[in-house]
file protein.txt (compact mmCIF, C-alpha atoms and all ligand atoms)
# COMPACT_ATOMS: atom_id res chain seq x y z
CA MET A 781 12.95 51.30 10.75
CA SER A 782 13.88 51.52 14.41
CA LYS A 783 13.04 53.84 17.30
CA LYS A 784 14.14 54.33 20.90
CA VAL A 785 11.66 53.12 23.52
CA LYS A 786 12.51 53.53 27.23
CA GLY A 787 16.21 53.32 26.52
CA MET A 788 15.90 50.15 24.41
CA ARG A 789 16.37 49.91 20.66
CA MET A 790 13.05 48.59 19.36
CA SER A 791 12.22 47.73 15.79
CA THR A 792 9.13 49.49 14.49
CA HIS A 793 6.70 47.07 12.95
CA LEU A 794 6.41 46.64 9.25
CA SER A 795 3.13 48.11 7.99
CA TYR A 796 1.23 46.13 5.35
CA ALA A 797 -1.11 48.96 4.39
CA ASP A 798 -0.88 50.53 0.94
CA LYS A 799 2.00 48.32 -0.21
CA LEU A 800 3.23 46.64 -3.38
CA ILE A 801 4.38 43.17 -2.52
CA LEU A 802 6.42 40.44 -4.20
CA ALA A 803 4.47 37.19 -3.60
CA PRO A 804 6.07 34.07 -2.15
CA MET A 805 7.18 31.76 -4.95
CA VAL A 806 9.00 28.46 -4.50
CA ARG A 807 12.45 28.56 -6.18
CA ILE A 808 11.81 32.09 -7.51
CA GLY A 809 11.78 34.03 -4.25
CA THR A 810 15.45 33.62 -3.37
CA LEU A 811 17.69 36.55 -2.39
CA PRO A 812 18.59 37.92 -5.88
CA THR A 813 14.92 38.07 -6.91
CA ARG A 814 13.92 39.78 -3.69
CA LEU A 815 16.67 42.41 -3.85
CA LEU A 816 15.92 43.21 -7.48
CA ALA A 817 12.17 43.51 -6.74
CA LEU A 818 13.04 46.04 -4.03
CA ASP A 819 15.29 48.00 -6.43
CA TYR A 820 12.46 48.12 -8.96
CA GLY A 821 9.90 49.43 -6.46
CA ALA A 822 8.38 46.61 -4.39
CA ASP A 823 7.78 47.66 -0.77
CA ILE A 824 7.74 44.19 0.77
CA VAL A 825 9.22 40.92 -0.51
CA TYR A 826 8.24 37.42 0.59
CA CYS A 827 10.71 34.56 0.46
CA GLU A 828 9.76 31.25 -1.11
CA GLU A 829 7.80 28.96 1.21
CA ILE A 830 10.16 27.03 3.46
CA ILE A 831 8.80 23.97 5.24
CA ASP A 832 9.17 24.07 9.03
CA HIS A 833 10.84 20.62 9.22
CA LYS A 834 13.51 21.79 6.78
CA LEU A 835 14.40 25.03 8.56
CA ILE A 836 14.48 23.37 11.96
CA LYS A 837 17.38 21.20 10.71
CA CYS A 838 19.40 24.30 9.76
CA ARG A 839 21.91 26.33 11.72
CA ARG A 840 22.22 30.10 11.49
CA VAL A 841 25.55 31.25 10.04
CA GLU A 842 26.78 34.82 9.69
CA ASN A 843 28.57 34.72 6.36
CA ASP A 844 31.31 37.37 6.64
CA ILE A 845 32.45 36.89 3.05
CA LEU A 846 29.07 37.65 1.45
CA ASN A 847 27.75 39.77 4.35
CA THR A 848 24.67 37.60 4.57
CA VAL A 849 22.90 35.56 7.22
CA ASP A 850 22.50 31.98 6.04
CA PHE A 851 20.36 29.14 7.37
CA VAL A 852 22.34 26.09 6.37
CA GLU A 853 21.62 22.35 6.39
CA ILE A 854 24.15 19.88 7.76
CA ASP A 855 25.41 19.12 4.20
CA GLY A 856 26.08 22.83 3.62
CA THR A 857 22.94 23.54 1.53
CA VAL A 858 21.73 27.09 2.07
CA VAL A 859 17.98 26.93 2.72
CA PHE A 860 17.45 30.65 3.39
CA ARG A 861 19.90 33.49 2.73
CA THR A 862 19.17 37.08 3.67
CA CYS A 863 21.10 40.33 4.10
CA ALA A 864 20.89 43.75 5.74
CA LYS A 865 19.58 45.43 2.61
CA GLU A 866 16.23 43.61 2.83
CA LYS A 867 16.03 43.20 6.59
CA ASP A 868 13.19 45.70 7.10
CA GLN A 869 11.18 44.49 4.12
CA VAL A 870 11.55 40.72 3.87
CA VAL A 871 8.81 38.40 5.07
CA PHE A 872 9.69 34.81 5.88
CA GLN A 873 6.97 32.44 4.66
CA MET A 874 6.77 28.99 6.20
CA GLY A 875 4.79 25.86 5.49
CA THR A 876 3.56 24.33 8.73
CA ALA A 877 0.73 22.37 10.31
CA ASP A 878 1.93 22.57 13.90
CA PRO A 879 1.93 25.56 16.29
CA GLN A 880 5.06 24.57 18.22
CA ARG A 881 7.13 23.79 15.12
CA ALA A 882 5.93 27.05 13.58
CA LEU A 883 7.04 28.93 16.68
CA LYS A 884 10.44 27.25 16.71
CA VAL A 885 11.03 28.33 13.10
CA ALA A 886 9.78 31.86 13.73
CA LYS A 887 12.14 32.23 16.71
CA MET A 888 15.05 31.04 14.58
CA VAL A 889 14.55 33.75 11.95
CA GLU A 890 12.72 36.59 13.72
CA SER A 891 15.79 38.77 14.29
CA ASP A 892 16.76 38.59 10.63
CA VAL A 893 13.43 39.35 8.93
CA ALA A 894 10.65 41.95 9.04
CA GLY A 895 7.68 39.60 9.23
CA ILE A 896 6.54 35.99 9.49
CA ASP A 897 3.89 34.49 7.21
CA VAL A 898 2.16 31.12 7.16
CA ASN A 899 1.18 29.61 3.82
CA MET A 900 -2.45 28.47 3.94
CA GLY A 901 -3.08 28.43 0.22
CA CYS A 902 -0.81 25.89 -1.43
CA PRO A 903 -3.06 23.28 -3.15
CA LYS A 904 -0.21 20.88 -4.08
CA ASP A 905 -0.26 17.35 -2.68
CA TYR A 906 3.17 17.69 -1.06
CA SER A 907 1.71 20.44 1.13
CA THR A 908 -1.81 19.25 1.77
CA LYS A 909 -0.81 15.63 2.55
CA GLY A 910 1.17 16.94 5.53
CA GLY A 911 -1.83 19.03 6.64
CA MET A 912 -0.12 22.22 5.42
CA GLY A 913 -1.06 24.87 2.86
CA ALA A 914 -4.68 24.80 1.69
CA ALA A 915 -5.39 21.75 3.90
CA LEU A 916 -5.41 24.16 6.85
CA LEU A 917 -8.42 26.02 5.41
CA GLN A 918 -10.65 23.13 6.55
CA HIS A 919 -9.36 23.45 10.12
CA PRO A 920 -10.05 26.91 11.56
CA GLU A 921 -9.16 25.69 15.07
CA LYS A 922 -5.69 24.65 13.88
CA ILE A 923 -5.28 27.98 12.09
CA LYS A 924 -6.24 29.76 15.30
CA GLN A 925 -3.71 27.78 17.35
CA ILE A 926 -0.87 28.36 14.92
CA LEU A 927 -1.49 32.08 14.47
CA THR A 928 -2.20 32.78 18.15
CA THR A 929 0.97 30.97 19.19
CA LEU A 930 2.98 33.03 16.72
CA VAL A 931 1.33 36.39 17.46
CA GLU A 932 1.78 35.95 21.22
CA ASN A 933 5.41 34.87 21.10
CA VAL A 934 7.07 36.45 18.09
CA LYS A 935 8.38 40.00 18.11
CA LYS A 936 7.72 40.58 14.40
CA PRO A 937 4.31 40.95 12.73
CA VAL A 938 2.59 37.72 11.76
CA THR A 939 0.43 37.25 8.66
CA CYS A 940 -1.03 34.42 6.63
CA LYS A 941 -1.90 33.84 3.00
CA VAL A 942 -5.13 32.03 2.19
CA ARG A 943 -7.28 31.02 -0.74
CA ILE A 944 -11.03 31.56 -0.78
CA LEU A 945 -13.53 28.80 0.10
CA PRO A 946 -16.40 27.61 -2.13
CA LYS A 947 -18.99 29.51 -0.06
CA LEU A 948 -18.71 33.22 0.72
CA GLU A 949 -20.11 32.85 4.26
CA ASP A 950 -17.48 30.17 5.05
CA THR A 951 -14.74 32.40 3.65
CA LEU A 952 -15.91 35.30 5.80
CA SER A 953 -16.14 33.27 8.98
CA LEU A 954 -12.62 31.92 8.34
CA VAL A 955 -11.32 35.42 7.74
CA HIS A 956 -12.85 36.57 11.03
CA VAL A 957 -11.20 33.70 12.91
CA ILE A 958 -7.89 34.77 11.37
CA GLU A 959 -8.46 38.43 12.19
CA SER A 960 -9.29 37.58 15.82
CA THR A 961 -5.81 36.08 16.33
CA GLY A 962 -4.15 39.50 16.07
CA VAL A 963 -2.39 39.02 12.75
CA ALA A 964 -1.07 42.21 11.15
CA ALA A 965 -2.56 41.57 7.70
CA LEU A 966 -4.17 38.91 5.55
CA ALA A 967 -3.14 38.01 2.01
CA VAL A 968 -5.97 36.57 -0.09
CA HIS A 969 -5.36 34.67 -3.31
CA GLY A 970 -8.78 35.08 -4.92
CA ARG A 971 -9.15 31.51 -6.16
CA ARG A 972 -10.50 28.34 -4.60
CA LYS A 973 -8.21 25.39 -3.90
CA GLU A 974 -9.49 23.50 -6.96
CA GLU A 975 -9.11 26.46 -9.33
CA ARG A 976 -6.13 26.65 -11.67
CA PRO A 977 -3.95 29.73 -12.19
CA ASN A 978 -5.66 30.49 -15.52
CA ASP A 979 -9.17 30.51 -14.05
CA PRO A 980 -10.46 34.05 -13.49
CA VAL A 981 -9.62 35.57 -10.12
CA HIS A 982 -12.61 36.39 -7.89
CA CYS A 983 -12.05 40.09 -7.26
CA ASP A 984 -15.62 40.42 -5.95
CA VAL A 985 -14.89 37.97 -3.12
CA ILE A 986 -11.67 39.76 -2.18
CA LYS A 987 -13.71 42.99 -2.15
CA VAL A 988 -16.24 41.62 0.35
CA ILE A 989 -13.36 40.38 2.51
CA SER A 990 -11.65 43.80 2.34
CA GLU A 991 -14.88 45.52 3.38
CA SER A 992 -15.44 43.23 6.33
CA CYS A 993 -11.88 43.26 7.70
CA SER A 994 -10.28 45.86 9.92
CA ILE A 995 -6.72 44.71 9.14
CA PRO A 996 -5.02 45.39 5.78
CA VAL A 997 -6.05 42.91 3.11
CA ILE A 998 -3.44 42.06 0.49
CA ALA A 999 -5.07 41.14 -2.81
CA ASN A 1000 -3.43 38.42 -4.87
CA GLY A 1001 -4.19 36.49 -8.04
CA GLY A 1002 -4.31 39.30 -10.60
CA SER A 1003 -1.39 38.32 -12.87
CA ARG A 1004 -2.32 37.63 -16.52
CA ASP A 1005 -6.06 38.45 -16.12
CA ILE A 1006 -5.73 41.94 -14.79
CA ILE A 1007 -2.12 42.91 -14.11
CA LYS A 1008 0.08 43.28 -17.16
CA SER A 1009 1.60 46.68 -16.41
CA TYR A 1010 2.23 48.93 -13.42
CA SER A 1011 -0.99 50.92 -13.87
CA ASP A 1012 -3.03 47.69 -13.79
CA ILE A 1013 -1.93 47.18 -10.19
CA ALA A 1014 -4.01 50.21 -9.12
CA ALA A 1015 -6.95 48.81 -11.09
CA PHE A 1016 -6.57 45.47 -9.27
CA ARG A 1017 -6.57 47.28 -5.94
CA ARG A 1018 -9.70 49.21 -6.93
CA LEU A 1019 -11.50 46.06 -8.10
CA THR A 1020 -10.68 44.23 -4.88
CA GLY A 1021 -10.97 47.21 -2.52
CA ALA A 1022 -7.77 45.86 -0.94
CA SER A 1023 -5.21 47.93 0.89
CA SER A 1024 -2.25 46.26 -0.83
CA ALA A 1025 -1.46 44.15 -3.87
CA MET A 1026 0.76 41.08 -4.07
CA ILE A 1027 2.15 39.92 -7.42
CA ALA A 1028 3.56 36.51 -8.33
CA ARG A 1029 3.60 35.44 -11.99
CA GLU A 1030 3.95 38.85 -13.59
CA ALA A 1031 6.95 39.44 -11.32
CA GLN A 1032 8.38 36.01 -12.10
CA TRP A 1033 8.35 36.93 -15.82
CA ASN A 1034 9.46 40.53 -15.42
CA LEU A 1035 10.38 41.85 -11.99
CA SER A 1036 10.29 45.43 -13.26
CA ILE A 1037 6.46 45.20 -13.12
CA PHE A 1038 7.08 47.06 -9.83
CA ARG A 1039 8.51 50.13 -11.65
CA LYS A 1040 6.07 52.97 -11.88
CA GLU A 1041 8.01 54.25 -14.92
CA GLY A 1042 7.21 51.02 -16.80
CA LYS A 1043 8.79 47.63 -17.46
CA TYR A 1044 12.40 47.21 -18.54
CA PRO A 1045 13.25 44.95 -21.49
CA MET A 1046 13.94 41.33 -20.58
CA GLU A 1047 17.73 41.56 -21.26
CA LYS A 1048 18.13 44.41 -18.76
CA VAL A 1049 16.18 42.48 -16.10
CA ILE A 1050 18.37 39.40 -16.69
CA ARG A 1051 21.60 41.43 -16.37
CA ASP A 1052 20.37 43.18 -13.21
CA TYR A 1053 19.32 39.82 -11.81
CA LEU A 1054 22.67 38.22 -12.63
CA ARG A 1055 24.55 40.97 -10.80
CA TYR A 1056 22.79 39.99 -7.57
CA ALA A 1057 23.06 36.27 -8.32
CA VAL A 1058 26.84 36.60 -8.64
CA GLU A 1059 27.24 39.05 -5.76
CA TYR A 1060 25.35 36.73 -3.40
CA ASP A 1061 26.73 33.47 -4.79
CA ASN A 1062 23.29 32.15 -5.69
CA TYR A 1063 23.28 28.47 -6.73
CA TYR A 1064 23.72 28.25 -10.51
CA THR A 1065 20.80 25.80 -10.75
CA ASN A 1066 18.46 28.25 -9.03
CA THR A 1067 19.82 31.16 -11.09
CA LYS A 1068 19.23 29.15 -14.26
CA TYR A 1069 15.66 28.34 -13.23
CA CYS A 1070 14.83 31.97 -12.45
CA ILE A 1071 16.25 33.19 -15.78
CA GLN A 1072 14.29 30.48 -17.61
CA GLN A 1073 11.13 32.02 -16.14
CA ILE A 1074 12.21 35.49 -17.28
CA LEU A 1075 12.88 34.16 -20.79
CA HIS A 1076 9.47 32.52 -20.50
CA GLU A 1077 8.29 32.12 -24.10
CA ASP A 1078 11.77 32.85 -25.51
CA MET A 1079 13.48 29.62 -24.47
CA GLU A 1080 13.92 28.60 -28.13
CA THR A 1081 16.23 31.56 -28.79
CA ASP A 1082 20.06 31.20 -28.92
CA ALA A 1083 20.25 32.59 -25.38
CA GLY A 1084 17.61 30.13 -24.15
CA ILE A 1085 19.38 27.15 -25.71
CA ALA A 1086 22.75 28.27 -24.32
CA LEU A 1087 21.15 28.71 -20.88
CA LEU A 1088 19.92 25.12 -20.86
CA LYS A 1089 23.50 23.93 -21.49
CA ALA A 1090 25.13 26.20 -18.86
CA ARG A 1091 26.72 24.40 -15.92
CA SER A 1092 27.97 27.32 -13.79
CA LEU A 1093 27.26 30.94 -12.92
CA LEU A 1094 30.22 31.89 -15.13
CA GLU A 1095 28.71 30.10 -18.13
CA ILE A 1096 25.33 31.75 -17.54
CA CYS A 1097 26.97 35.19 -17.25
CA ALA A 1098 28.88 34.62 -20.50
CA ILE A 1099 25.56 34.36 -22.41
CA TRP A 1100 24.78 37.97 -21.46
CA GLY A 1101 28.35 39.26 -21.85
CA MET A 1102 29.00 39.39 -18.11
CA GLU A 1103 31.82 36.86 -17.79
CA ASP A 1104 34.40 39.53 -16.77
CA PHE A 1105 32.11 40.80 -14.04
CA CYS A 1106 31.56 37.25 -12.80
CA GLN A 1107 35.26 36.30 -13.02
CA ASN A 1108 36.37 39.47 -11.17
CA THR A 1109 33.78 38.98 -8.45
CA LEU A 1110 34.82 35.35 -7.96
CA GLU A 1111 38.50 36.32 -7.78
CA ARG A 1112 37.83 39.12 -5.28
CA ARG A 1113 35.83 36.70 -3.14
CA GLN A 1114 38.56 34.08 -3.26
CA LYS A 1115 41.07 36.67 -2.00
CA LEU A 1116 38.76 37.47 0.92
CA ILE A 1117 38.44 33.76 1.72
CA ASP A 1118 42.24 33.29 1.55
CA ALA A 1119 42.83 36.31 3.81
CA ARG A 1120 40.26 35.05 6.31
CA ASP A 1121 41.77 31.55 6.33
CA GLU A 1122 45.24 33.05 6.81
CA ASP A 1123 43.93 35.12 9.76
CA ARG A 1124 42.45 32.02 11.33
CA ARG A 1125 45.75 30.15 11.01
CA THR A 1126 47.78 32.88 12.73
C1 LIG B 1201 3.52 30.25 -6.29
N1 LIG B 1201 2.63 30.51 -5.24
C2 LIG B 1201 3.04 30.33 -3.93
N2 LIG B 1201 2.24 30.74 -2.90
C3 LIG B 1201 2.67 30.68 -1.62
O1 LIG B 1201 1.95 31.08 -0.71
N3 LIG B 1201 3.93 30.18 -1.36
C4 LIG B 1201 4.77 29.74 -2.33
O2 LIG B 1201 5.91 29.35 -2.05
C5 LIG B 1201 4.31 29.78 -3.66
N4 LIG B 1201 5.10 29.32 -4.71
C6 LIG B 1201 4.77 29.63 -6.01
C7 LIG B 1201 5.68 29.39 -7.04
C8 LIG B 1201 5.39 29.80 -8.32
C9 LIG B 1201 6.39 29.56 -9.41
C10 LIG B 1201 4.15 30.42 -8.62
C11 LIG B 1201 3.80 30.88 -10.02
C12 LIG B 1201 3.22 30.62 -7.61
C13 LIG B 1201 1.34 31.18 -5.50
C14 LIG B 1201 1.56 32.68 -5.66
O3 LIG B 1201 2.13 33.27 -4.52
C15 LIG B 1201 0.24 33.40 -5.97
O4 LIG B 1201 -0.66 33.16 -4.94
C16 LIG B 1201 -0.40 32.95 -7.30
O5 LIG B 1201 0.55 32.78 -8.32
C17 LIG B 1201 -1.43 33.99 -7.76
O6 LIG B 1201 -0.84 35.28 -7.92
P1 LIG B 1201 -0.51 35.88 -9.38
O7 LIG B 1201 0.43 34.92 -10.04
O8 LIG B 1201 -1.81 35.92 -10.11
O9 LIG B 1201 0.07 37.23 -9.14
call {"tool": "encode", "arguments": {"input": "protein.txt", "output": "structure tokens"}}
result
Amino acid sequence: MSKKVKGMRMSTHLSYADKLILAPMVRIGTLPTRLLALDYGADIVYCEEIIDHKLIKCRRVENDILNTVDFVEIDGTVVFRTCAKEKDQVVFQMGTADPQRALKVAKMVESDVAGIDVNMGCPKDYSTKGGMGAALLQHPEKIKQILTTLVENVKKPVTCKVRILPKLEDTLSLVHVIESTGVAALAVHGRRKEERPNDPVHCDVIKVISESCSIPVIANGGSRDIIKSYSDIAAFRRLTGASSAMIAREAQWNLSIFRKEGKYPMEKVIRDYLRYAVEYDNYYTNTKYCIQQILHEDMETDAGIALLKARSLLEICAIWGMEDFCQNTLERRQKLIDARDEDRRT
């Protein structure tokens, strides 16, 4: 993804046209999920929304044991972990209501990611009370300031993800404000702020937006209603006329929705997921949460009940017969840590 320009190494920009995209999902969109989505066929993967205030408090650490780049809070909590394998395909999504804070965050991560996105669709109180998420939709001037500041000062493509407004003409005028800022693409969740995930998605509205926009439109909101298998993704794109499709819930339940050959059984997805969770030392609590979503309606099974009781990555791995893999990986890592500490002492 890079080319030589006048003697400098320049990154080519990520294109959002004709792409299959893993949607941003709080707690779900951590590194193991993103890497597995890429393995299964996603072209672009969004991280979970990270609030600007939270990232600003972090420091960037190159983790030479895991070969990752970590953004870490003062107490050692990893807020965002990424690695070379996803560098050209990962989009960092932030929650923000302030152009300068947004820029500060974008500058902190821009060398480690392929794109920067601003969440303008979250309807939850914790977002809207701070003027973030869907609250921004009522303030086109603020949207313009945030996006213009990012587009003018960040070296990676900038996008945003919105919901639709009650009136079509208001939605279109908002979309045109967004387009005028120079963003690379626009993701549209085809529901209004008040609508719940089970309400039907407004494909017709996304279609009008797609027809009136010159930048790629990324259609979102099709899980359950429309998208249940890989071939449904093409149908969703046809119905919305959108260049690209972004999937959240169907991917949360089975990441292999991105496989054109068809979905894998749940057990295979869990084992593939666990490999990455162990390899990248994902928090066991987050790993547990993500597997609970994969088990979805099967939490009453023996595996589901054992998962609820698990208190470590090793215990989770044991449920799927992967304790040796986990144990060996942990031992190998400990040796690397010991060797590094020894080096530092001498
Ligand atoms: C979400 N969604 C979401 N959206 C966003 O912009 N940033 C986020 O961090 C999250 N977090 C999140 C967590 C979980 C668990 C779910 C299910 C959803 C919304 C999501 O990206 C998407 O817009 C909707 O779920 C609609 O798409 P689907 O599910 O119909 O494909």
call {"tool": "closest_residue", "arguments": {"input": "protein.txt", "among": "A:Ile1099, A:Asn1108, A:Ile1050, A:Thr848", "to": "A:Ala864", "atoms": "all atoms listed in the file"}}
result
A:Thr848
call {"tool": "closest_residue", "arguments": {"input": "protein.txt", "among": "A:Leu800, A:Leu815, A:Met900, A:Cys1106", "to": "ligand LIG 1201 (chain B)", "atoms": "all atoms listed in the file"}}
result
A:Met900
call {"tool": "residues_around", "arguments": {"input": "protein.txt", "residues": "A:Leu917", "least_positions_apart": "4", "cutoff": "12 Å", "atoms": "all atoms listed in the file", "output": "PyMOL selection string"}}
result
chain A and resi 877+898-903+908+911-913+921-924+940-946+950-955+957-958+972-973
call {"tool": "axis_aligned_box", "arguments": {"input": "protein.txt", "around": "stretch 1044-1051 of chain A", "padding_each_side": "6 Å", "output": "JSON"}}
result
{"center_x": 17.0, "center_y": 43.3, "center_z": -18.8, "size_x": 21.2, "size_y": 19.8, "size_z": 17.4}
call {"tool": "residues_near_ligand", "arguments": {"input": "protein.txt", "ligand": "ligand LIG 1201 (chain B)", "cutoff": "8 Å", "atoms": "only C-alpha atoms and all ligand atoms", "output": "PyMOL selection string"}}
result
chain A and resi 803-809+827-830+873+898-902+913+941-942+968-970+977+981+1000-1005+1007+1026-1032
call {"tool": "residues_around", "arguments": {"input": "protein.txt", "residues": "stretch 1118-1121 of chain A", "least_positions_apart": "4", "cutoff": "12 Å", "atoms": "all atoms listed in the file", "output": "list in words"}}
result
Asn843, Asp844, Ile845, Glu1111, Arg1112, Arg1113, Gln1114, Arg1125 and Thr1126 of chain A
call {"tool": "atom_distance", "arguments": {"input": "protein.txt", "atom1": "atom CA of A:Asp868", "atom2": "atom CA of A:Asp897"}}
result
14.6 Å
call {"tool": "atom_distance", "arguments": {"input": "protein.txt", "atom1": "atom CA of A:Thr876", "atom2": "atom CA of A:Leu916"}}
result
9.2 Å
call {"tool": "closest_residue", "arguments": {"input": "protein.txt", "among": "A:Gln1072, A:Thr813, A:Ser891, A:Asn933", "to": "A:Arg1055", "atoms": "all atoms listed in the file"}}
result
A:Thr813
call {"tool": "residues_around", "arguments": {"input": "protein.txt", "residues": "A:Val893", "least_positions_apart": "3", "cutoff": "9 Å", "atoms": "all atoms listed in the file", "output": "short mmCIF file (atom, residue, chain, number, x, y, z; two decimals) with C-alpha atoms, in the frame of the given file"}}
result
data_model
loop_
_atom_site.label_atom_id
_atom_site.label_comp_id
_atom_site.auth_asym_id
_atom_site.auth_seq_id
_atom_site.Cartn_x
_atom_site.Cartn_y
_atom_site.Cartn_z
CA THR A 862 19.17 37.08 3.67
CA GLU A 866 16.23 43.61 2.83
CA LYS A 867 16.03 43.20 6.59
CA ASP A 868 13.19 45.70 7.10
CA GLN A 869 11.18 44.49 4.12
CA VAL A 870 11.55 40.72 3.87
CA VAL A 871 8.81 38.40 5.07
CA PHE A 872 9.69 34.81 5.88
CA VAL A 889 14.55 33.75 11.95
CA GLU A 890 12.72 36.59 13.72
CA ILE A 896 6.54 35.99 9.49
CA LYS A 936 7.72 40.58 14.40
#
call {"tool": "atom_distance", "arguments": {"input": "protein.txt", "atom1": "atom CA of A:Ser960", "atom2": "atom CA of A:Gln918"}}
result
17.2 Å
call {"tool": "residues_near_point", "arguments": {"input": "protein.txt", "point": "(10.1, 28.5, 14.1)", "cutoff": "10 Å", "atoms": "only C-alpha atoms", "output": "ChimeraX atom specification"}}
result
/A:832-833,835-836,874,876,879-890,896,930,934
call {"tool": "write_last_selection", "arguments": {"input": "protein.txt", "atoms": "C-alpha atoms", "output": "mmCIF file, keeping the file's coordinate frame"}}
result
data_model
loop_
_atom_site.group_PDB
_atom_site.id
_atom_site.type_symbol
_atom_site.label_atom_id
_atom_site.label_comp_id
_atom_site.auth_asym_id
_atom_site.auth_seq_id
_atom_site.Cartn_x
_atom_site.Cartn_y
_atom_site.Cartn_z
ATOM 1 C CA ASP A 832 9.170 24.070 9.030
ATOM 2 C CA HIS A 833 10.840 20.620 9.220
ATOM 3 C CA LEU A 835 14.400 25.030 8.560
ATOM 4 C CA ILE A 836 14.480 23.370 11.960
ATOM 5 C CA MET A 874 6.770 28.990 6.200
ATOM 6 C CA THR A 876 3.560 24.330 8.730
ATOM 7 C CA PRO A 879 1.930 25.560 16.290
ATOM 8 C CA GLN A 880 5.060 24.570 18.220
ATOM 9 C CA ARG A 881 7.130 23.790 15.120
ATOM 10 C CA ALA A 882 5.930 27.050 13.580
ATOM 11 C CA LEU A 883 7.040 28.930 16.680
ATOM 12 C CA LYS A 884 10.440 27.250 16.710
ATOM 13 C CA VAL A 885 11.030 28.330 13.100
ATOM 14 C CA ALA A 886 9.780 31.860 13.730
ATOM 15 C CA LYS A 887 12.140 32.230 16.710
ATOM 16 C CA MET A 888 15.050 31.040 14.580
ATOM 17 C CA VAL A 889 14.550 33.750 11.950
ATOM 18 C CA GLU A 890 12.720 36.590 13.720
ATOM 19 C CA ILE A 896 6.540 35.990 9.490
ATOM 20 C CA LEU A 930 2.980 33.030 16.720
ATOM 21 C CA VAL A 934 7.070 36.450 18.090
#
call {"tool": "closest_residue", "arguments": {"input": "protein.txt", "among": "A:Ile926, A:Ala915, A:Lys865, A:Val938", "to": "A:His793", "atoms": "only C-alpha atoms"}}
result
A:Val938
call {"tool": "closest_residue", "arguments": {"input": "protein.txt", "among": "A:Ile831, A:Ala1022, A:Ala1090, A:Ala914", "to": "A:Arg971", "atoms": "all atoms listed in the file"}}
result
A:Ala914
